[in-house]
Amino acid sequence: MGAPKSDPDAVPKVPLRRILGLLRPYRGRLGVMLVLVAASSALAMVPPFLLRAILDVALPHGRAGLLSALAAGMLVVVLVSSGVGVGQAYLSLAVGERMMNDLRIAVYARLQRMPLAFFTRTRTGEMQSRLANDIGGMGSVITTLSGSIVGNITTVVSSLIAMLALDWQLTVISLLMVPVFALISRNVGNQRRTVTRERQKQMAVLSVMVEETLSVSGFLLGRVMGRTPTLIEQFSQQSGRLTELTVNSAMLGRWRAASMQIIMAAMPIAIYWTAGVTGHDGRPAISIGTLVAFTTLQQGLFGPTVSLLGVGITLQSSLALFERIFEYLDLPVEMAEPQRPVRLRHPRGHVRLENVGFSYGSRPVVRDITLDVPAGSRLAIVGATGAGKTTLGYLIPRLYDATSGRVTIDGVDVRDLDFASLASVVGVVSQETFLFHTTVGDNLRFANPQATADEVITAAKAARIHDLIESLPDGYDTIVGERGFRFSGGERQRIAIARTMLRDPRVLVLDEATSSLDTRTEHLVQQALDQLSEGRTTITIAHRLSTVRNADQIIALDQGRVAEQGTHAELQARGGLYASLLAKDHAQRPALRPVRITEKYR
């Protein structure tokens, strides 16, 4: 499974019915909102008629009582319309925000169900951009457009009926301009959709760059390599590109909009002129009040008509956002949980691999491996870089699914266990330890939120990290920093070991957990690992062979196959692949003393 395609032409089109389906849970609120929109639009038709009565009847004949009643009526209409508008705005905002929340949760949940291979090929910043920028940009689109469509249609129909009632000839003249508006609005939607898609892609590029270069690791790499000015220049270029696309998106169709505004402004002038030249004996054909009411309604016709024509443009540009979101929602879940999962009530930790194979696409990485690891025993997996050690180890906690054969724990296929049950049985301590930017205690309890303070301390002591934590000013409440950079590599490893201890798994997968540590730190971590492994089935993916001498069995992998299998003494005496790897390990041992470029700040 790779990252989603970013080629715009490869992005599937989203049916409008599917987009509208997002509103199904909120159809009650949306219905009330649309009723309020229609009522508000209908109320807007009343003031022009009240104004006509004021100009043609109340003022010329000095009828003060009628004038007061008409003025009060106009005020009441304004007050009611304002109240309706507030209710409409609340419902629109509530529906839009809740729909965004549903989409965020749906996308996040789908990503959490993706296999590990997806995350090795997809940039974190890209996922962040879709969750934040794309969903944030589309949140109010549907509710705004639905309200706009209903409101504008109601206004257009009401205005048209009212205008016909006032003067059908002037109404016909006004309607002649509608095709002109439609012609001017043509093709803007497709152009804006393309620009919007490019802008969202560029926002994702910028998010990726920020996530990579402003993380602790990225910042250190840029600083020690002297690339800071280059990174600033690259960021400036990408940000400038985003600015250019944003301006283009905002300005697209502005000249057409300006042309329509000019026409709309000129139409009342045309109506006044028409009324004047068609009059008789120096008197206009219609009254002043009717003329003012008609031009007011005319704007009520043209404005919503232009807005309705703009709905297509807005929807076209918004489709780019929906396409990017649905692209993630439609990702196939290749590692689905079983419909009827099996639960291991009292797991012992007996692991067996039966003719297991695994391929990345068409490239085989693990080939026809059969292994039996009795409960409580220790298996070590060794081999050259790229031999398939980590992939084989990751098949046990089902971070990958075997493409052939099966992996069982206590006789149950791991694919028949739900993820939560499997995670409670199999614990993983990897070389790349990840800590959240929170307290030490919270990082430890991530494995077991119900763990008591005593259980946390017991696990930390077993992992040889309690004394160090207690020496910190805030103890277990110390913030670890991004990815745990307030601690050394060995300290992070021991925190990770303590975290795994809190979960108390029966099977452990140790993925080269000491490969990048200096000798003294390796000794401390190895002590913690020995404590963690006691009484558990332990599968060690080893780079430093000194850590696997006491394993009950060792397998040496070569190009995804088991080349040798036996104990340390047996394989060393055999003089084959394992003996060769052991000799290389001894030769490289003095060079493995990494230089620390960071210091602990506590």
# chains A, B, ... in the order shown; residues from 1 in each chain; ligands from 1

$ select_by_dssp --residues "stretch 481-546 of chain A" --states "strand (DSSP E)" --output "MDAnalysis selection string"
chainID A and resid 507:511 537:541

$ write_last_selection --atoms "C-alpha atoms" --output "mmCIF file, in the first residue's frame"
data_model
loop_
_atom_site.group_PDB
_atom_site.id
_atom_site.type_symbol
_atom_site.label_atom_id
_atom_site.label_comp_id
_atom_site.auth_asym_id
_atom_site.auth_seq_id
_atom_site.Cartn_x
_atom_site.Cartn_y
_atom_site.Cartn_z
ATOM 1 C CA VAL A 507 5.471 -12.388 23.693
ATOM 2 C CA LEU A 508 8.205 -9.797 23.134
ATOM 3 C CA VAL A 509 9.667 -8.604 19.844
ATOM 4 C CA LEU A 510 12.899 -6.671 20.409
ATOM 5 C CA ASP A 511 13.916 -4.905 17.205
ATOM 6 C CA THR A 537 8.631 -15.658 24.741
ATOM 7 C CA THR A 538 11.260 -13.334 23.326
ATOM 8 C CA ILE A 539 12.109 -12.782 19.659
ATOM 9 C CA THR A 540 15.196 -10.592 19.303
ATOM 10 C CA ILE A 541 16.047 -8.961 15.980
#

$ residues_around --residues "stretch 398-407 of chain A" --least-positions-apart "4" --cutoff "6 Å" --atoms "only C-alpha atoms" --output "NGL selection string"
:A and (116 or 352-358 or 394 or 413)

$ residues_around --residues "A:Gln553" --least-positions-apart "4" --cutoff "7 Å" --atoms "only C-alpha atoms" --output "list in words"
Arg378, Leu379, Ala380, Gln565, Gly566 and Thr567 of chain A

$ residues_around --residues "A:His568" --least-positions-apart "4" --cutoff "9 Å" --atoms "only C-alpha atoms" --output "list in words"
Val548, Arg549, Asn550, Ala551, Asp552, Gln553, Ile554, Gln572, Ala573 and Tyr578 of chain A

$ write_last_selection --atoms "N, CA, C and O atoms" --output "compact mmCIF listing (two decimals), in the first residue's frame"
# COMPACT_ATOMS: atom_id res chain seq x y z
N VAL A 548 22.81 -11.96 21.70
CA VAL A 548 21.98 -13.13 21.39
C VAL A 548 22.67 -14.44 21.76
O VAL A 548 22.15 -15.51 21.45
N ARG A 549 23.79 -14.37 22.43
CA ARG A 549 24.55 -15.60 22.74
C ARG A 549 23.72 -16.58 23.57
O ARG A 549 23.88 -17.80 23.44
N ASN A 550 22.88 -16.06 24.45
CA ASN A 550 22.14 -16.92 25.36
C ASN A 550 20.77 -17.33 24.82
O ASN A 550 19.96 -17.89 25.56
N ALA A 551 20.50 -17.03 23.58
CA ALA A 551 19.20 -17.40 22.99
C ALA A 551 19.08 -18.92 22.90
O ALA A 551 20.07 -19.64 22.67
N ASP A 552 17.86 -19.42 23.07
CA ASP A 552 17.63 -20.86 22.96
C ASP A 552 17.83 -21.35 21.54
O ASP A 552 18.24 -22.48 21.32
N GLN A 553 17.49 -20.49 20.57
CA GLN A 553 17.77 -20.82 19.17
C GLN A 553 18.02 -19.54 18.39
O GLN A 553 17.47 -18.48 18.71
N ILE A 554 18.84 -19.65 17.40
CA ILE A 554 19.22 -18.52 16.56
C ILE A 554 18.98 -18.92 15.11
O ILE A 554 19.33 -20.04 14.71
N GLN A 572 28.43 -21.24 15.65
CA GLN A 572 29.82 -20.78 15.62
C GLN A 572 30.74 -21.90 15.17
O GLN A 572 31.67 -21.68 14.37
N ALA A 573 30.47 -23.10 15.68
CA ALA A 573 31.30 -24.24 15.30
C ALA A 573 31.11 -24.62 13.84
O ALA A 573 32.03 -25.13 13.19
N TYR A 578 26.49 -17.43 10.19
CA TYR A 578 26.47 -16.85 11.54
C TYR A 578 27.89 -16.56 12.01
O TYR A 578 28.16 -15.49 12.58

$ residues_around --residues "A:Val57" --least-positions-apart "6" --cutoff "12 Å" --atoms "only C-alpha atoms" --output "VMD selection string"
chain A and resid 49 to 51 63 to 67 70 287 to 290

$ atom_distance --atom1 "atom CA of A:Tyr26" --atom2 "atom CA of A:Ala44"
27.1 Å

$ atom_distance --atom1 "atom CA of A:Ser41" --atom2 "atom CA of A:Ile153"
8.8 Å

$ closest_residue --among "A:Thr230, A:Val342, A:Leu308, A:Asn443" --to "A:Val412" --atoms "only C-alpha atoms"
A:Val342

$ atom_distance --atom1 "atom CA of A:Val150" --atom2 "atom CA of A:Ala38"
6.4 Å

$ closest_residue --among "A:Leu329, A:Pro179, A:Asn133, A:Val351" --to "A:Met114" --atoms "only C-alpha atoms"
A:Leu329

$ residues_around --residues "A:Ile469" --least-positions-apart "4" --cutoff "10 Å" --atoms "only C-alpha atoms" --output "ChimeraX atom specification"
/A:440-441,457,460-461,464-465,473-478,491,495

$ write_last_selection --atoms "all heavy atoms" --output "compact mmCIF listing (two decimals), in the first residue's frame"
# COMPACT_ATOMS: atom_id res chain seq x y z
N VAL A 440 6.74 12.11 31.64
CA VAL A 440 7.26 10.74 31.68
C VAL A 440 6.16 9.78 32.11
O VAL A 440 5.97 8.71 31.52
CB VAL A 440 8.46 10.64 32.64
CG1 VAL A 440 8.93 9.20 32.76
CG2 VAL A 440 9.61 11.53 32.18
N GLY A 441 5.40 10.18 33.13
CA GLY A 441 4.32 9.33 33.62
C GLY A 441 3.28 9.05 32.57
O GLY A 441 2.82 7.91 32.42
N ILE A 457 6.07 2.82 39.00
CA ILE A 457 7.39 2.87 39.64
C ILE A 457 8.07 1.50 39.57
O ILE A 457 9.28 1.39 39.30
CB ILE A 457 7.27 3.35 41.09
CG1 ILE A 457 6.87 4.83 41.11
CG2 ILE A 457 8.57 3.14 41.86
CD1 ILE A 457 6.54 5.37 42.48
N ALA A 460 9.42 1.04 36.13
CA ALA A 460 10.59 1.90 35.91
C ALA A 460 11.81 1.34 36.62
O ALA A 460 12.94 1.41 36.10
CB ALA A 460 10.28 3.31 36.39
N LYS A 461 11.63 0.81 37.81
CA LYS A 461 12.76 0.21 38.52
C LYS A 461 13.29 -1.00 37.78
O LYS A 461 14.51 -1.19 37.64
CB LYS A 461 12.33 -0.19 39.94
CG LYS A 461 12.17 1.00 40.90
CD LYS A 461 11.76 0.52 42.29
CE LYS A 461 11.67 1.71 43.26
NZ LYS A 461 11.25 1.28 44.63
N ARG A 464 15.51 -0.10 35.01
CA ARG A 464 16.71 0.64 35.43
C ARG A 464 16.64 2.13 35.07
O ARG A 464 17.63 2.74 34.70
CB ARG A 464 17.97 0.04 34.78
CG ARG A 464 18.15 -1.46 34.91
CD ARG A 464 18.37 -1.89 36.35
NE ARG A 464 18.89 -3.22 36.45
CZ ARG A 464 18.16 -4.33 36.48
NH1 ARG A 464 16.82 -4.24 36.41
NH2 ARG A 464 18.73 -5.52 36.60
N ILE A 465 15.44 2.72 35.20
CA ILE A 465 15.29 4.13 34.85
C ILE A 465 14.65 4.93 35.98
O ILE A 465 14.61 6.17 35.94
CB ILE A 465 14.44 4.25 33.55
CG1 ILE A 465 14.54 5.66 32.93
CG2 ILE A 465 12.97 3.91 33.82
CD1 ILE A 465 15.89 6.02 32.42
N PRO A 473 13.90 17.39 38.48
CA PRO A 473 13.17 18.33 39.35
C PRO A 473 11.68 17.99 39.47
O PRO A 473 11.10 18.12 40.54
CB PRO A 473 13.37 19.68 38.66
CG PRO A 473 14.64 19.53 37.89
CD PRO A 473 14.68 18.09 37.45
N ASP A 474 11.07 17.56 38.37
CA ASP A 474 9.64 17.24 38.39
C ASP A 474 9.35 15.75 38.40
O ASP A 474 8.19 15.34 38.26
CB ASP A 474 8.94 17.89 37.18
CG ASP A 474 9.01 19.41 37.22
OD1 ASP A 474 8.89 19.96 38.33
OD2 ASP A 474 9.20 20.02 36.15
N GLY A 475 10.37 14.93 38.55
CA GLY A 475 10.16 13.49 38.64
C GLY A 475 9.37 12.94 37.46
O GLY A 475 9.68 13.22 36.30
N TYR A 476 8.34 12.17 37.77
CA TYR A 476 7.53 11.56 36.72
C TYR A 476 6.64 12.57 35.99
O TYR A 476 6.01 12.24 34.99
CB TYR A 476 6.65 10.45 37.31
CG TYR A 476 7.42 9.18 37.60
CD1 TYR A 476 8.12 9.02 38.79
CD2 TYR A 476 7.47 8.15 36.67
CE1 TYR A 476 8.84 7.86 39.06
CE2 TYR A 476 8.17 6.99 36.92
CZ TYR A 476 8.86 6.85 38.11
OH TYR A 476 9.58 5.70 38.36
N ASP A 477 6.60 13.81 36.49
CA ASP A 477 5.84 14.87 35.81
C ASP A 477 6.72 15.69 34.87
O ASP A 477 6.29 16.72 34.35
CB ASP A 477 5.20 15.80 36.85
CG ASP A 477 4.10 15.10 37.63
OD1 ASP A 477 3.41 14.25 37.04
OD2 ASP A 477 3.95 15.39 38.84
N THR A 478 7.94 15.24 34.64
CA THR A 478 8.86 15.94 33.73
C THR A 478 8.39 15.80 32.29
O THR A 478 8.06 14.70 31.83
CB THR A 478 10.28 15.37 33.86
OG1 THR A 478 10.74 15.53 35.20
CG2 THR A 478 11.25 16.08 32.91
N GLU A 491 18.37 6.26 27.64
CA GLU A 491 17.31 6.60 28.60
C GLU A 491 15.93 6.44 27.96
O GLU A 491 14.99 5.94 28.58
CB GLU A 491 17.51 8.01 29.12
CG GLU A 491 18.74 8.15 30.02
CD GLU A 491 19.20 9.58 30.19
OE1 GLU A 491 18.61 10.49 29.57
OE2 GLU A 491 20.18 9.80 30.93
N ILE A 495 12.90 3.91 29.11
CA ILE A 495 11.51 4.34 29.33
C ILE A 495 10.57 3.50 28.48
O ILE A 495 9.49 3.08 28.94
CB ILE A 495 11.36 5.85 28.98
CG1 ILE A 495 12.11 6.71 30.01
CG2 ILE A 495 9.89 6.25 28.94
CD1 ILE A 495 12.14 8.19 29.67
